[in-house]
>>> print(open('upload-v6.txt').read())   # compact mmCIF, C-alpha atoms and all ligand atoms
# COMPACT_ATOMS: atom_id res chain seq x y z
CA MET A 1 12.65 2.53 5.10
CA THR A 2 14.38 1.92 8.42
CA GLU A 3 16.84 -0.67 9.66
CA HIS A 4 14.95 -0.66 12.95
CA VAL A 5 12.18 -2.91 11.61
CA ILE A 6 13.03 -6.16 9.84
CA VAL A 7 10.28 -7.78 7.78
CA THR A 8 10.69 -11.33 6.49
CA ASP A 9 8.33 -13.83 4.86
CA ALA A 10 8.76 -17.60 5.21
CA GLY A 11 6.32 -20.49 5.08
CA GLY A 12 3.26 -18.24 4.98
CA ILE A 13 4.39 -16.28 8.05
CA ARG A 14 5.30 -12.62 7.89
CA THR A 15 7.63 -11.72 10.74
CA ILE A 16 7.77 -8.06 11.71
CA ARG A 17 10.68 -7.63 14.08
CA MET A 18 11.27 -4.37 15.92
CA ASN A 19 15.03 -4.00 16.08
CA ARG A 20 16.31 -0.93 17.90
CA PRO A 21 17.90 -2.67 20.89
CA ASP A 22 19.94 0.30 22.15
CA LYS A 23 16.67 2.19 22.79
CA LYS A 24 14.66 -0.82 23.98
CA ASN A 25 12.83 -0.76 20.65
CA ALA A 26 11.23 2.64 21.34
CA LEU A 27 9.11 3.31 18.28
CA THR A 28 10.07 6.14 15.96
CA PHE A 29 7.87 7.54 13.19
CA ALA A 30 9.87 5.54 10.64
CA MET A 31 9.31 2.35 12.63
CA TYR A 32 5.55 2.95 12.81
CA ASP A 33 5.50 3.50 9.07
CA ALA A 34 7.47 0.31 8.36
CA ILE A 35 5.24 -1.79 10.64
CA THR A 36 2.12 -0.26 9.10
CA ASP A 37 3.32 -1.01 5.56
CA ALA A 38 4.06 -4.61 6.56
CA LEU A 39 0.63 -5.06 8.17
CA GLU A 40 -1.22 -3.51 5.24
CA SER A 41 0.58 -5.56 2.62
CA ALA A 42 0.11 -8.73 4.72
CA SER A 43 -3.63 -8.07 4.70
CA GLY A 44 -3.60 -7.92 0.91
CA SER A 45 -1.40 -10.96 0.34
CA ASP A 46 -2.73 -14.49 -0.20
CA ALA A 47 0.74 -15.85 0.55
CA VAL A 48 0.74 -14.48 4.12
CA ARG A 49 -1.37 -16.65 6.43
CA CYS A 50 -0.18 -15.33 9.78
CA VAL A 51 1.73 -12.28 11.06
CA LEU A 52 4.31 -12.61 13.83
CA ILE A 53 5.26 -9.43 15.68
CA ALA A 54 8.50 -9.73 17.64
CA GLY A 55 11.19 -7.68 19.32
CA VAL A 56 14.69 -8.36 20.55
CA PRO A 57 15.82 -10.18 23.72
CA GLY A 58 14.81 -7.98 26.65
CA ALA A 59 12.67 -5.59 24.63
CA PHE A 60 9.42 -6.10 22.80
CA THR A 61 9.12 -2.33 22.74
CA ALA A 62 9.40 0.51 25.26
CA GLY A 63 6.53 2.21 23.44
CA ASN A 64 6.49 5.45 21.57
CA ASP A 65 9.83 7.24 21.41
CA LEU A 66 9.52 9.86 24.15
CA ALA A 67 11.73 12.24 22.17
CA ASP A 68 9.00 12.28 19.51
CA PHE A 69 6.39 12.83 22.23
CA LEU A 70 8.45 15.75 23.50
CA LYS A 71 8.61 17.21 19.98
CA ALA A 72 4.86 16.70 19.63
CA ALA A 73 4.38 18.49 22.95
CA GLU A 74 6.09 21.48 21.40
CA THR A 75 4.73 21.23 17.83
CA GLU A 76 1.03 20.85 17.26
CA GLY A 77 0.09 17.84 15.11
CA ALA A 78 3.64 16.48 15.02
CA LEU A 79 2.56 13.06 16.27
CA SER A 80 -0.52 12.52 14.20
CA ARG A 81 0.52 10.89 10.93
CA PRO A 82 2.45 7.69 11.74
CA ALA A 83 0.29 6.57 14.69
CA ALA A 84 -2.83 7.57 12.77
CA ARG A 85 -1.83 5.04 10.08
CA PHE A 86 -0.52 2.37 12.43
CA LEU A 87 -3.53 1.91 14.72
CA PRO A 88 -6.17 1.38 11.99
CA ALA A 89 -3.78 -0.98 10.18
CA LEU A 90 -3.50 -2.99 13.38
CA VAL A 91 -7.26 -3.08 13.85
CA ARG A 92 -7.97 -3.88 10.21
CA CYS A 93 -5.22 -6.47 9.71
CA SER A 94 -7.05 -9.40 8.14
CA LYS A 95 -4.43 -11.99 9.10
CA PRO A 96 -4.08 -13.61 12.53
CA MET A 97 -1.41 -11.87 14.57
CA VAL A 98 0.91 -13.65 17.00
CA ALA A 99 3.18 -11.64 19.32
CA ALA A 100 6.49 -12.76 20.83
CA VAL A 101 7.12 -10.66 23.94
CA SER A 102 10.48 -10.75 25.65
CA GLY A 103 11.33 -8.06 28.20
CA VAL A 104 9.69 -4.65 28.24
CA ALA A 105 6.29 -4.06 26.64
CA VAL A 106 5.49 -0.46 27.57
CA GLY A 107 2.65 1.78 26.38
CA VAL A 108 1.70 0.78 22.86
CA GLY A 109 3.99 -2.21 23.39
CA THR A 110 1.24 -3.57 25.61
CA THR A 111 -1.83 -2.00 24.04
CA MET A 112 -1.02 -3.43 20.60
CA LEU A 113 -1.25 -6.87 22.23
CA PHE A 114 -4.98 -6.33 22.81
CA HIS A 115 -5.33 -6.61 19.01
CA CYS A 116 -3.21 -9.74 18.66
CA ASP A 117 -4.74 -13.20 18.52
CA PHE A 118 -2.06 -15.20 20.35
CA VAL A 119 0.63 -13.84 22.65
CA VAL A 120 3.72 -15.66 23.93
CA ALA A 121 5.60 -13.98 26.78
CA GLY A 122 8.93 -14.69 28.39
CA THR A 123 9.23 -14.95 32.16
CA ASP A 124 11.20 -11.70 31.81
CA ALA A 125 8.25 -9.85 30.26
CA TYR A 126 7.19 -6.57 31.87
CA PHE A 127 3.89 -5.00 30.84
CA SER A 128 3.32 -1.37 31.69
CA THR A 129 0.97 1.38 30.57
CA PRO A 130 2.28 4.55 32.24
CA PHE A 131 0.00 6.86 30.23
CA VAL A 132 -1.62 8.74 33.10
CA GLY A 133 1.67 9.27 34.94
CA LEU A 134 2.94 10.86 31.73
CA GLY A 135 -0.07 13.20 31.66
CA LEU A 136 -1.64 11.17 28.83
CA VAL A 137 -4.61 8.83 28.38
CA PRO A 138 -4.78 5.17 27.30
CA GLU A 139 -4.66 4.66 23.53
CA ALA A 140 -4.92 2.07 20.74
CA GLY A 141 -8.45 1.18 21.81
CA SER A 142 -7.19 0.00 25.20
CA SER A 143 -9.76 2.08 27.09
CA LEU A 144 -12.37 -0.18 25.48
CA LEU A 145 -10.51 -3.48 25.15
CA ALA A 146 -8.67 -3.68 28.48
CA PRO A 147 -11.80 -3.51 30.70
CA ARG A 148 -13.39 -6.19 28.49
CA LEU A 149 -10.38 -8.46 28.79
CA MET A 150 -9.37 -7.87 32.40
CA GLY A 151 -12.46 -6.44 34.05
CA GLN A 152 -12.99 -2.81 35.00
CA ARG A 153 -11.08 -2.79 38.30
CA ARG A 154 -7.99 -4.55 37.04
CA ALA A 155 -8.00 -2.36 33.94
CA PHE A 156 -8.22 0.77 36.11
CA GLU A 157 -5.27 -0.37 38.21
CA PHE A 158 -3.28 -1.16 35.06
CA LEU A 159 -4.25 1.68 32.71
CA VAL A 160 -4.92 4.53 35.15
CA MET A 161 -2.84 3.74 38.24
CA GLY A 162 -0.08 2.43 35.99
CA HIS A 163 0.76 -0.65 38.08
CA PRO A 164 2.89 -2.90 35.85
CA LEU A 165 2.25 -6.61 35.35
CA ASN A 166 4.69 -9.47 35.20
CA ALA A 167 4.21 -12.38 32.79
CA THR A 168 2.35 -14.55 35.31
CA HIS A 169 -0.20 -11.84 36.07
CA ALA A 170 -0.52 -10.91 32.39
CA LYS A 171 -1.46 -14.53 31.69
CA GLU A 172 -3.90 -14.59 34.58
CA PHE A 173 -5.51 -11.39 33.23
CA GLY A 174 -5.82 -12.79 29.69
CA ILE A 175 -3.21 -10.59 28.02
CA VAL A 176 -0.95 -13.50 27.13
CA ASN A 177 -1.61 -17.13 26.18
CA MET A 178 1.57 -18.75 27.42
CA VAL A 179 4.67 -17.96 29.44
CA VAL A 180 8.00 -19.56 28.54
CA ALA A 181 11.69 -19.08 29.27
CA PRO A 182 12.98 -15.86 27.67
CA GLN A 183 15.21 -17.78 25.24
CA ASP A 184 12.20 -19.82 24.02
CA VAL A 185 9.87 -16.90 23.24
CA ASP A 186 10.61 -16.61 19.53
CA ALA A 187 10.54 -20.37 18.92
CA GLU A 188 7.23 -20.86 20.75
CA ALA A 189 5.65 -17.90 18.96
CA LEU A 190 6.84 -19.27 15.62
CA LYS A 191 5.39 -22.66 16.52
CA ALA A 192 2.00 -21.04 17.20
CA ALA A 193 2.22 -19.03 13.97
CA ARG A 194 3.02 -22.20 12.01
CA GLU A 195 0.09 -24.00 13.60
CA ILE A 196 -2.25 -21.15 12.58
CA ALA A 197 -0.72 -20.92 9.09
CA ALA A 198 -1.34 -24.64 8.55
CA LEU A 199 -5.10 -24.31 9.21
CA PRO A 200 -7.51 -23.72 6.30
CA ALA A 201 -6.99 -19.99 5.63
CA GLY A 202 -10.57 -19.20 4.64
CA ALA A 203 -12.02 -20.84 7.74
CA VAL A 204 -9.50 -19.02 9.94
CA ALA A 205 -10.33 -15.66 8.34
CA HIS A 206 -14.09 -16.12 8.76
CA SER A 207 -13.78 -17.41 12.32
CA ARG A 208 -11.51 -14.57 13.32
CA ALA A 209 -13.76 -11.94 11.73
CA LEU A 210 -16.80 -13.40 13.51
CA MET A 211 -15.01 -13.39 16.86
CA ARG A 212 -13.72 -9.85 16.50
CA GLY A 213 -16.97 -8.37 15.20
CA SER A 214 -17.11 -5.06 13.37
CA PRO A 215 -13.95 -2.96 13.71
CA ASP A 216 -16.04 0.22 13.78
CA GLU A 217 -16.49 0.34 17.55
CA VAL A 218 -12.74 0.02 18.18
CA LEU A 219 -11.87 2.52 15.42
CA THR A 220 -14.35 5.04 16.84
CA ARG A 221 -12.82 4.61 20.30
CA ILE A 222 -9.33 5.07 18.86
CA ASP A 223 -10.46 8.33 17.25
CA GLN A 224 -11.83 9.52 20.60
CA GLU A 225 -8.68 8.50 22.46
CA THR A 226 -6.43 10.06 19.81
CA LYS A 227 -8.19 13.41 20.04
CA ILE A 228 -7.77 13.59 23.82
CA PHE A 229 -4.25 12.10 23.64
CA GLY A 230 -3.22 14.84 21.20
CA GLU A 231 -4.56 17.52 23.53
CA ARG A 232 -2.86 15.91 26.53
CA LEU A 233 0.47 15.79 24.66
CA GLN A 234 0.43 19.57 24.58
CA SER A 235 -0.24 19.83 28.31
CA PRO A 236 2.42 21.15 30.70
CA GLU A 237 2.03 17.90 32.72
CA ALA A 238 3.03 15.77 29.77
CA LYS A 239 5.92 17.99 28.68
CA ALA A 240 7.32 17.95 32.24
CA ALA A 241 7.06 14.13 32.38
CA PHE A 242 8.92 13.65 29.07
CA GLU A 243 11.65 16.08 30.14
CA ALA A 244 11.97 14.26 33.48
CA PHE A 245 12.52 10.95 31.65
CA PHE A 246 15.44 12.31 29.64
CA ALA A 247 16.86 14.14 32.67
CA ARG A 248 16.79 11.04 34.93
CA LYS A 249 20.35 9.86 34.22
CA ARG A 250 21.98 13.30 34.36
N1 LIG A 301 11.64 6.68 24.19
C1 LIG A 301 12.90 7.07 23.96
N2 LIG A 301 13.97 6.45 24.47
C2 LIG A 301 13.74 5.40 25.25
C3 LIG A 301 12.46 4.94 25.56
C4 LIG A 301 11.37 5.63 24.98
N3 LIG A 301 10.10 5.24 25.17
N4 LIG A 301 12.55 3.86 26.38
C5 LIG A 301 13.86 3.65 26.58
N5 LIG A 301 14.58 4.58 25.90
C6 LIG A 301 16.03 4.68 25.83
C7 LIG A 301 16.61 5.27 27.11
O1 LIG A 301 16.58 6.69 27.07
C8 LIG A 301 18.02 4.71 27.08
O2 LIG A 301 18.75 5.47 26.15
P1 LIG A 301 20.28 5.95 26.56
O3 LIG A 301 21.02 4.67 26.75
O4 LIG A 301 20.70 6.76 25.37
O5 LIG A 301 20.12 6.73 27.84
C9 LIG A 301 17.83 3.33 26.46
O6 LIG A 301 16.59 3.37 25.76
C10 LIG A 301 17.74 2.21 27.47
O7 LIG A 301 16.74 2.55 28.41
P2 LIG A 301 16.95 2.47 29.99
O8 LIG A 301 15.93 3.32 30.65
O9 LIG A 301 18.39 2.73 30.32
O10 LIG A 301 16.65 0.91 30.24
P3 LIG A 301 16.00 0.24 31.51
O11 LIG A 301 16.10 -1.22 31.29
O12 LIG A 301 16.57 0.82 32.78
O13 LIG A 301 14.45 0.67 31.48
C11 LIG A 301 12.29 1.03 30.45
C12 LIG A 301 13.64 0.27 30.39
C13 LIG A 301 11.53 0.70 29.18
C14 LIG A 301 11.49 0.54 31.68
C15 LIG A 301 12.54 2.53 30.60
O14 LIG A 301 13.49 2.92 29.59
C16 LIG A 301 11.31 3.36 30.41
O15 LIG A 301 10.52 3.52 31.33
N6 LIG A 301 11.15 3.95 29.20
C17 LIG A 301 10.05 4.83 28.90
C18 LIG A 301 8.83 4.04 28.52
C19 LIG A 301 7.65 4.94 28.23
O16 LIG A 301 7.26 5.75 29.04
N7 LIG A 301 7.10 4.79 27.01
C20 LIG A 301 5.99 5.57 26.54
C21 LIG A 301 4.73 4.98 27.02
S1 LIG A 301 3.32 5.93 26.58
>>> encode(input="upload-v6.txt", output="structure tokens")
Amino acid sequence: MTEHVIVTDAGGIRTIRMNRPDKKNALTFAMYDAITDALESASGSDAVRCVLIAGVPGAFTAGNDLADFLKAAETEGALSRPAARFLPALVRCSKPMVAAVSGVAVGVGTTMLFHCDFVVAGTDAYFSTPFVGLGLVPEAGSSLLAPRLMGQRRAFEFLVMGHPLNATHAKEFGIVNMVVAPQDVDAEALKAAREIAALPAGAVAHSRALMRGSPDEVLTRIDQETKIFGERLQSPEAKAAFEAFFARKR
């Protein structure tokens, strides 16, 4: 249990809100576990017809907590368990997922969006995947899904060169469905979730499963990425990058 993730159910919609504003919603192990539990139980619940993933004003999430990455850089296997549960739960979630993105969506904050079905972004949204600059590699199936969504060259610029995207470009590249004023993000995402929840649930589930195809290809890619990511975490390049982040304000 953590107070940094708030899960609520209303009108067939499960809202999973990341809520660690002082750290821009950087994801701790406990937060991954709470989100995973909420996704898994949503999949098994007839009452839940749509999942809404949200953050706080100014922060969807700044990605994995870099303090945990630093620990993982020093302790073999330290990262494996929570992310190893979270990513398959995201891929296997049987309910449509809507995301409400205000502010920063960094690392997994962006790559989790490749698994969502409908994404609302604020004009303040900032999408960034600084994996390579941190000595890491793209994760969460993004090495497969981003080139498909954006095209190879745009995906290279985004995932490898680490050039961030604003909301307008993210919409142009197919990462988000609609861009609204920051204060309207939650309401518009809820409106979309309600629209989906009001559709015949069986028809939605079948349509979605047909469109997504077998999860095996994505899960296999995640396994491949995770193996290399784990090795990269232990690299001197990565450790130096994490230390530089925490030293930047000193
Ligand atoms: N892990 C741990 N702490 C983080 C964090 C992360 N991923 N992202 C932000 N924080 C913390 C900062 O250390 C800071 O804490 P402090 O107030 O105790 O110093 C607080 O959140 C606010 O962040 P700050 O950098 O001051 O806000 P900003 O608006 O200037 O910048 C970001 C926001 C997200 C652009 C910037 O914090 C950032 O680049 N974070 C790292 C993102 C990242 O690399 N994630 C991993 C991707 S694989």
>>> residues_near_ligand(input="upload-v6.txt", ligand="ligand LIG 301 (chain A)", cutoff="9 Å", atoms="all atoms listed in the file", output="number ranges by chain")
A: 20-28, 58-59, 61-69, 103-109, 126, 128-134, 136-139, 242, 245-246, 248-249
>>> atom_distance(input="upload-v6.txt", atom1="CA of Phe29 in chain A", atom2="CA of Arg81 in chain A")
8.4 Å
>>> atom_distance(input="upload-v6.txt", atom1="CA of Ala89 in chain A", atom2="CA of Thr36 in chain A")
6.0 Å
>>> residues_around(input="upload-v6.txt", residues="Pro57 in chain A", least_positions_apart="2", cutoff="8 Å", atoms="only C-alpha atoms", output="PyMOL selection string")
chain A and resi 55+59-60+102-103+182-183
>>> closest_residue(input="upload-v6.txt", among="A:Leu233, A:Ile228, A:Ile175, A:Ile222", to="Pro88 in chain A", atoms="only C-alpha atoms")
A:Ile222
>>> atom_distance(input="upload-v6.txt", atom1="CA of Lys227 in chain A", atom2="CA of Gly162 in chain A")
21.0 Å
>>> closest_residue(input="upload-v6.txt", among="A:Asp186, A:Glu237, A:Glu243, A:Glu157", to="Arg17 in chain A", atoms="only C-alpha atoms")
A:Asp186
>>> residues_around(input="upload-v6.txt", residues="Pro147 in chain A", least_positions_apart="6", cutoff="10 Å", atoms="all atoms listed in the file", output="mmCIF file with C-alpha atoms, keeping the file's coordinate frame")
data_model
loop_
_atom_site.group_PDB
_atom_site.id
_atom_site.type_symbol
_atom_site.label_atom_id
_atom_site.label_comp_id
_atom_site.auth_asym_id
_atom_site.auth_seq_id
_atom_site.Cartn_x
_atom_site.Cartn_y
_atom_site.Cartn_z
ATOM 1 C CA ARG A 153 -11.080 -2.790 38.300
ATOM 2 C CA ARG A 154 -7.990 -4.550 37.040
ATOM 3 C CA ALA A 155 -8.000 -2.360 33.940
ATOM 4 C CA PHE A 156 -8.220 0.770 36.110
ATOM 5 C CA PHE A 158 -3.280 -1.160 35.060
ATOM 6 C CA LEU A 159 -4.250 1.680 32.710
#
>>> axis_aligned_box(input="upload-v6.txt", around="range 154-166 of chain A", padding_each_side="3 Å", output="JSON")
{"center_x": -1.8, "center_y": -2.5, "center_z": 35.5, "size_x": 18.9, "size_y": 20.0, "size_z": 11.5}
>>> residues_around(input="upload-v6.txt", residues="Asn166 in chain A", least_positions_apart="3", cutoff="8 Å", atoms="only C-alpha atoms", output="list of chain:residue names")
A:Thr123, A:Asp124, A:Ala125, A:Tyr126, A:Phe127, A:His169, A:Ala170
>>> closest_residue(input="upload-v6.txt", among="A:Ala193, A:Ala73, A:Val204, A:Ile53", to="Gly12 in chain A", atoms="only C-alpha atoms")
A:Ala193
>>> closest_residue(input="upload-v6.txt", among="A:Arg49, A:Val91, A:Ala238, A:Ala167", to="Glu195 in chain A", atoms="all atoms listed in the file")
A:Arg49
>>> closest_residue(input="upload-v6.txt", among="A:Ile13, A:Leu149, A:Ala240, A:Leu113", to="Ala192 in chain A", atoms="all atoms listed in the file")
A:Ile13
>>> closest_residue(input="upload-v6.txt", among="A:Met18, A:Val176, A:Leu144, A:Ala198", to="Cys116 in chain A", atoms="all atoms listed in the file")
A:Val176
>>> decode(input="upload-v6.txt", residues="range 187-199 of chain A", atoms="all heavy atoms", output="mmCIF file, in the first residue's frame")
data_model
loop_
_atom_site.group_PDB
_atom_site.id
_atom_site.type_symbol
_atom_site.label_atom_id
_atom_site.label_comp_id
_atom_site.auth_asym_id
_atom_site.auth_seq_id
_atom_site.Cartn_x
_atom_site.Cartn_y
_atom_site.Cartn_z
ATOM 1 N N ALA A 187 -11.022 16.251 -16.987
ATOM 2 C CA ALA A 187 -12.440 16.216 -17.374
ATOM 3 C C ALA A 187 -12.613 15.605 -18.763
ATOM 4 O O ALA A 187 -13.520 14.793 -18.985
ATOM 5 C CB ALA A 187 -13.027 17.628 -17.336
ATOM 6 N N GLU A 188 -11.730 15.954 -19.695
ATOM 7 C CA GLU A 188 -11.850 15.410 -21.054
ATOM 8 C C GLU A 188 -11.534 13.911 -21.066
ATOM 9 O O GLU A 188 -12.163 13.145 -21.803
ATOM 10 C CB GLU A 188 -10.917 16.151 -22.023
ATOM 11 C CG GLU A 188 -11.356 17.557 -22.348
ATOM 12 C CD GLU A 188 -12.707 17.631 -23.099
ATOM 13 O OE1 GLU A 188 -13.115 16.635 -23.718
ATOM 14 O OE2 GLU A 188 -13.339 18.700 -23.040
ATOM 15 N N ALA A 189 -10.547 13.513 -20.259
ATOM 16 C CA ALA A 189 -10.211 12.089 -20.198
ATOM 17 C C ALA A 189 -11.367 11.303 -19.578
ATOM 18 O O ALA A 189 -11.708 10.199 -20.033
ATOM 19 C CB ALA A 189 -8.924 11.886 -19.401
ATOM 20 N N LEU A 190 -11.980 11.879 -18.561
ATOM 21 C CA LEU A 190 -13.129 11.215 -17.923
ATOM 22 C C LEU A 190 -14.292 11.102 -18.918
ATOM 23 O O LEU A 190 -14.977 10.077 -18.965
ATOM 24 C CB LEU A 190 -13.545 11.998 -16.668
ATOM 25 C CG LEU A 190 -14.631 11.364 -15.811
ATOM 26 C CD1 LEU A 190 -14.229 9.971 -15.321
ATOM 27 C CD2 LEU A 190 -14.952 12.268 -14.600
ATOM 28 N N LYS A 191 -14.476 12.150 -19.706
ATOM 29 C CA LYS A 191 -15.540 12.128 -20.718
ATOM 30 C C LYS A 191 -15.299 10.970 -21.706
ATOM 31 O O LYS A 191 -16.216 10.219 -22.036
ATOM 32 C CB LYS A 191 -15.548 13.469 -21.469
ATOM 33 C CG LYS A 191 -16.857 13.821 -22.098
ATOM 34 C CD LYS A 191 -16.946 15.339 -22.297
ATOM 35 C CE LYS A 191 -16.664 15.724 -23.719
ATOM 36 N NZ LYS A 191 -16.618 17.146 -23.960
ATOM 37 N N ALA A 192 -14.061 10.818 -22.140
ATOM 38 C CA ALA A 192 -13.734 9.720 -23.068
ATOM 39 C C ALA A 192 -13.953 8.372 -22.389
ATOM 40 O O ALA A 192 -14.505 7.436 -22.987
ATOM 41 C CB ALA A 192 -12.285 9.857 -23.540
ATOM 42 N N ALA A 193 -13.515 8.266 -21.123
ATOM 43 C CA ALA A 193 -13.684 7.001 -20.394
ATOM 44 C C ALA A 193 -15.169 6.668 -20.240
ATOM 45 O O ALA A 193 -15.581 5.510 -20.390
ATOM 46 C CB ALA A 193 -13.005 7.096 -19.027
ATOM 47 N N ARG A 194 -15.968 7.686 -19.966
ATOM 48 C CA ARG A 194 -17.426 7.454 -19.822
ATOM 49 C C ARG A 194 -18.038 7.005 -21.145
ATOM 50 O O ARG A 194 -18.900 6.132 -21.171
ATOM 51 C CB ARG A 194 -18.116 8.736 -19.333
ATOM 52 C CG ARG A 194 -17.881 8.993 -17.864
ATOM 53 C CD ARG A 194 -18.760 10.143 -17.368
ATOM 54 N NE ARG A 194 -18.595 10.327 -15.938
ATOM 55 C CZ ARG A 194 -18.435 11.512 -15.346
ATOM 56 N NH1 ARG A 194 -18.449 12.620 -16.064
ATOM 57 N NH2 ARG A 194 -18.296 11.587 -14.037
ATOM 58 N N GLU A 195 -17.571 7.613 -22.228
ATOM 59 C CA GLU A 195 -18.086 7.231 -23.552
ATOM 60 C C GLU A 195 -17.766 5.754 -23.823
ATOM 61 O O GLU A 195 -18.621 4.996 -24.272
ATOM 62 C CB GLU A 195 -17.450 8.135 -24.620
ATOM 63 C CG GLU A 195 -17.958 7.857 -26.015
ATOM 64 C CD GLU A 195 -17.259 8.722 -27.071
ATOM 65 O OE1 GLU A 195 -16.785 9.834 -26.752
ATOM 66 O OE2 GLU A 195 -17.191 8.261 -28.225
ATOM 67 N N ILE A 196 -16.537 5.349 -23.500
ATOM 68 C CA ILE A 196 -16.124 3.953 -23.729
ATOM 69 C C ILE A 196 -16.915 3.015 -22.800
ATOM 70 O O ILE A 196 -17.402 1.964 -23.225
ATOM 71 C CB ILE A 196 -14.601 3.793 -23.513
ATOM 72 C CG1 ILE A 196 -13.833 4.609 -24.557
ATOM 73 C CG2 ILE A 196 -14.192 2.332 -23.566
ATOM 74 C CD1 ILE A 196 -12.363 4.837 -24.227
ATOM 75 N N ALA A 197 -17.060 3.446 -21.539
ATOM 76 C CA ALA A 197 -17.756 2.601 -20.551
ATOM 77 C C ALA A 197 -19.228 2.404 -20.909
ATOM 78 O O ALA A 197 -19.839 1.410 -20.514
ATOM 79 C CB ALA A 197 -17.628 3.224 -19.158
ATOM 80 N N ALA A 198 -19.785 3.334 -21.675
ATOM 81 C CA ALA A 198 -21.206 3.237 -22.034
ATOM 82 C C ALA A 198 -21.437 2.326 -23.246
ATOM 83 O O ALA A 198 -22.576 1.964 -23.538
ATOM 84 C CB ALA A 198 -21.750 4.636 -22.330
ATOM 85 N N LEU A 199 -20.367 1.952 -23.945
ATOM 86 C CA LEU A 199 -20.507 1.070 -25.107
ATOM 87 C C LEU A 199 -20.739 -0.370 -24.635
ATOM 88 O O LEU A 199 -20.397 -0.711 -23.490
ATOM 89 C CB LEU A 199 -19.224 1.133 -25.960
ATOM 90 C CG LEU A 199 -18.952 2.464 -26.668
ATOM 91 C CD1 LEU A 199 -17.518 2.498 -27.198
ATOM 92 C CD2 LEU A 199 -19.953 2.676 -27.809
#
